[in-house]
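S.K.: Structure provided below as structure tokens; questions to follow.
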Amino acid sequence: MKRKTLTTMKAAEIGRKMGVRGLCIYRDDIDRNLWRVITPGRSEVHQPMDEKAWRAFLRASGWIERRARYDAGNGRKVTVPENDERDLFDALRERLSVKALVAIAAHLHGTVRTADDKVNDEVAAFAEGLLERLGDRYSTLLDEIGL
């Protein structure tokens, strides 16, 4: 008995549930019989698969992110997400307006000093990350918000 091939939408849903970050699947532009499978930094073309083959492929692909488990004491284990700057800045962008991010970057950029050099370096790196993501709009937006 032949197994039913997954739709690209169902394959993407399974992949995301299995822990593949940034997975996107669609029919290839050149050969509509193939899947174009994209994850951050990778783009591949594959034959469409049934669910069993797709799950086996994902387990072998190295795309599934395994969250680290740490001992929280008293026999409890906790999952701690990886330090991913993209996630942090995406979350900030979802919660704050671009103008609020500009104001935060302006206030942090070179003005915050603590007694701990490591903290100062972290704050400076955070401000630089914001400035990178704001790009050329930073100066224009500073004028708009009166800073």
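Identifiers in this document derive from the order of the structure tokens: chains are assigned A, B, ..., residues are numbered from 1 separately in each chain, and ligands are numbered from 1 in order of occurrence.
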At a cut-off of 12 Å, using only C-alpha atoms, what residues contact Ala103 in chain A? Leave out same-chain residues fewer than 2 positions from it and give the result as a list in words.

M.R.: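 Neighbouring residues, sequence-local ones excluded: Leu96, Ser97, Val98, Lys99, Ala100, Leu101, Ala105, Ala106, His107, Leu108, His109, Ala127, Leu130, Leu131, Leu134, Tyr138, Ser139, Leu141, Leu142, Asp143, Glu144, Ile145, Gly146 and Leu147 of chain A.
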
S.K.: Excluding range 41-43 of chain A and its own-chain neighbours fewer than 6 positions away, which residues fall within 10 Å of it when counting only C-alpha atoms? Please give them as a list in words.

M.R.: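 Final neighbour list, sorted by chain and number: Gly22, Leu23, Cys24, Ile25 and Trp63 of chain A.
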
S.K.: Selected residues, C-alpha atoms, written as a compact mmCIF listing (two decimals), in the first residue's frame, please.

M.R.:
# COMPACT_ATOMS: atom_id res chain seq x y z
CA GLY A 22 12.37 28.99 10.51
CA LEU A 23 11.17 26.13 8.31
CA CYS A 24 9.44 27.05 5.05
CA ILE A 25 8.35 24.55 2.40
CA TRP A 63 17.76 20.83 11.69

S.K.: As an mmCIF file with N, CA and C atoms, in the first residue's frame, please: the residues near Trp54 in chain A (cut-off 12 Å, only C-alpha atoms, same-chain neighbours under 3 positions excluded).

M.R.:
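Final file, out_15.cif:
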data_model
loop_
_atom_site.group_PDB
_atom_site.id
_atom_site.type_symbol
_atom_site.label_atom_id
_atom_site.label_comp_id
_atom_site.auth_asym_id
_atom_site.auth_seq_id
_atom_site.Cartn_x
_atom_site.Cartn_y
_atom_site.Cartn_z
ATOM 1 N N ARG A 3 1.939 4.993 0.634
ATOM 2 C CA ARG A 3 1.620 6.018 1.631
ATOM 3 C C ARG A 3 1.304 7.336 0.935
ATOM 4 N N LYS A 4 0.437 8.124 1.577
ATOM 5 C CA LYS A 4 0.007 9.397 1.011
ATOM 6 C C LYS A 4 1.089 10.462 1.239
ATOM 7 N N THR A 5 1.441 11.156 0.165
ATOM 8 C CA THR A 5 2.428 12.230 0.239
ATOM 9 C C THR A 5 1.833 13.415 0.995
ATOM 10 N N LEU A 6 2.669 14.025 1.837
ATOM 11 C CA LEU A 6 2.229 15.197 2.605
ATOM 12 C C LEU A 6 2.078 16.418 1.704
ATOM 13 N N THR A 7 1.213 17.316 2.093
ATOM 14 C CA THR A 7 1.183 18.631 1.450
ATOM 15 C C THR A 7 2.343 19.437 2.021
ATOM 16 N N THR A 8 2.754 20.473 1.323
ATOM 17 C CA THR A 8 3.849 21.300 1.841
ATOM 18 C C THR A 8 3.454 21.955 3.162
ATOM 19 N N LYS A 10 1.351 20.778 5.496
ATOM 20 C CA LYS A 10 1.377 19.775 6.555
ATOM 21 C C LYS A 10 2.821 19.413 6.908
ATOM 22 N N ALA A 11 3.692 19.316 5.909
ATOM 23 C CA ALA A 11 5.103 19.004 6.163
ATOM 24 C C ALA A 11 5.758 20.107 6.990
ATOM 25 N N ALA A 12 5.444 21.361 6.671
ATOM 26 C CA ALA A 12 6.000 22.484 7.431
ATOM 27 C C ALA A 12 5.490 22.463 8.874
ATOM 28 N N GLU A 13 4.216 22.164 9.041
ATOM 29 C CA GLU A 13 3.627 22.099 10.382
ATOM 30 C C GLU A 13 4.303 21.012 11.224
ATOM 31 N N ILE A 14 4.509 19.843 10.647
ATOM 32 C CA ILE A 14 5.179 18.749 11.354
ATOM 33 C C ILE A 14 6.602 19.157 11.716
ATOM 34 N N GLY A 15 7.304 19.761 10.768
ATOM 35 C CA GLY A 15 8.684 20.186 11.020
ATOM 36 C C GLY A 15 8.786 21.187 12.148
ATOM 37 N N MET A 18 8.276 19.578 15.426
ATOM 38 C CA MET A 18 9.428 18.766 15.813
ATOM 39 C C MET A 18 10.612 19.627 16.259
ATOM 40 N N TRP A 35 9.735 19.643 -3.697
ATOM 41 C CA TRP A 35 9.614 20.585 -2.576
ATOM 42 C C TRP A 35 10.861 21.431 -2.496
ATOM 43 N N VAL A 37 12.753 23.264 0.334
ATOM 44 C CA VAL A 37 12.779 23.256 1.793
ATOM 45 C C VAL A 37 13.825 24.276 2.239
ATOM 46 N N HIS A 46 13.791 18.667 -2.534
ATOM 47 C CA HIS A 46 13.571 17.257 -2.207
ATOM 48 C C HIS A 46 12.326 16.731 -2.888
ATOM 49 N N GLN A 47 12.315 15.417 -3.066
ATOM 50 C CA GLN A 47 11.106 14.750 -3.520
ATOM 51 C C GLN A 47 10.075 14.852 -2.396
ATOM 52 N N PRO A 48 8.806 15.037 -2.702
ATOM 53 C CA PRO A 48 7.783 15.024 -1.660
ATOM 54 C C PRO A 48 7.809 13.681 -0.919
ATOM 55 N N MET A 49 7.474 13.722 0.374
ATOM 56 C CA MET A 49 7.562 12.529 1.211
ATOM 57 C C MET A 49 6.259 12.284 1.951
ATOM 58 N N ASP A 50 6.084 11.044 2.380
ATOM 59 C CA ASP A 50 4.966 10.741 3.271
ATOM 60 C C ASP A 50 5.416 11.106 4.693
ATOM 61 N N GLU A 51 4.510 11.036 5.650
ATOM 62 C CA GLU A 51 4.816 11.504 7.002
ATOM 63 C C GLU A 51 5.963 10.731 7.643
ATOM 64 N N PHE A 57 13.545 11.885 7.857
ATOM 65 C CA PHE A 57 14.452 12.838 7.223
ATOM 66 C C PHE A 57 14.804 13.976 8.186
ATOM 67 N N LEU A 58 13.802 14.538 8.867
ATOM 68 C CA LEU A 58 14.051 15.646 9.788
ATOM 69 C C LEU A 58 14.943 15.225 10.949
ATOM 70 N N ARG A 59 14.710 14.028 11.493
ATOM 71 C CA ARG A 59 15.545 13.555 12.606
ATOM 72 C C ARG A 59 17.002 13.418 12.171
ATOM 73 N N ALA A 60 17.230 13.029 10.925
ATOM 74 C CA ALA A 60 18.590 12.831 10.424
ATOM 75 C C ALA A 60 19.231 14.112 9.887
ATOM 76 N N SER A 61 18.429 15.146 9.665
ATOM 77 C CA SER A 61 18.912 16.354 8.988
ATOM 78 C C SER A 61 19.798 17.259 9.835
#

S.K.: Please report, as a PyMOL selection string, each residue of chain A to which DSSP assigns helix (DSSP H, G or I) when run on this structure's backbone.

M.R.: chain A and resi 8-18+51-61+85-95+98-108+117-134+137-145

S.K.: List every residue of chain A that DSSP, applied to the backbone, labels as strand (DSSP E or B), and write the result as a PyMOL selection string.

M.R.: chain A and resi 5+20+24-27+35-39+42-46+50+64+68-73+76-80

S.K.: Output C-alpha atoms for every residue in the selection just made, as a tab-separated table (two decimals), in the first residue's frame.

M.R.:
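Everything below was put into part-v5.tsv:
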chain	number	residue	atom	x	y	z
A	5	THR	CA	2.43	12.23	0.24
A	20	VAL	CA	12.88	22.99	13.14
A	24	CYS	CA	9.44	27.05	5.05
A	25	ILE	CA	8.35	24.55	2.40
A	26	TYR	CA	6.80	25.27	-0.98
A	27	ARG	CA	6.64	23.78	-4.45
A	35	TRP	CA	9.61	20.59	-2.58
A	36	ARG	CA	11.82	23.61	-1.90
A	37	VAL	CA	12.78	23.26	1.79
A	38	ILE	CA	14.24	26.37	3.42
A	39	THR	CA	15.66	26.94	6.89
A	42	ARG	CA	19.93	26.51	3.90
A	43	SER	CA	17.79	25.90	0.85
A	44	GLU	CA	17.32	22.40	-0.56
A	45	VAL	CA	15.12	20.63	-3.10
A	46	HIS	CA	13.57	17.26	-2.21
A	50	ASP	CA	4.97	10.74	3.27
A	64	ILE	CA	15.91	19.94	14.88
A	68	ALA	CA	19.21	22.07	26.77
A	69	ARG	CA	17.88	20.64	30.02
A	70	TYR	CA	19.42	21.93	33.26
A	71	ASP	CA	19.13	20.85	36.86
A	72	ALA	CA	17.03	23.39	38.76
A	73	GLY	CA	17.52	21.66	42.12
A	76	ARG	CA	13.61	19.36	38.79
A	77	LYS	CA	14.84	19.77	35.22
A	78	VAL	CA	14.19	22.96	33.28
A	79	THR	CA	14.57	23.83	29.61
A	80	VAL	CA	16.59	26.93	28.87

S.K.: How far is it from CA of Val102 in chain A to CA of Asp121 in chain A, in Å with one decimal?

M.R.: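 Taking CA of Val102 in chain A as the start and CA of Asp121 in chain A as the end point, the length is 19.2 Å.
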
S.K.: With distances taken over only C-alpha atoms, which residue among A:Arg137, A:Ile104, A:Arg55, A:Pro40 lies nearest Lys17 in chain A?

M.R.: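 Closest residue, counting only C-alpha atoms: A:Arg55.
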
S.K.: By how many Å are CA of Phe89 in chain A and CA of Arg113 in chain A apart?

M.R.: 22.3 Å
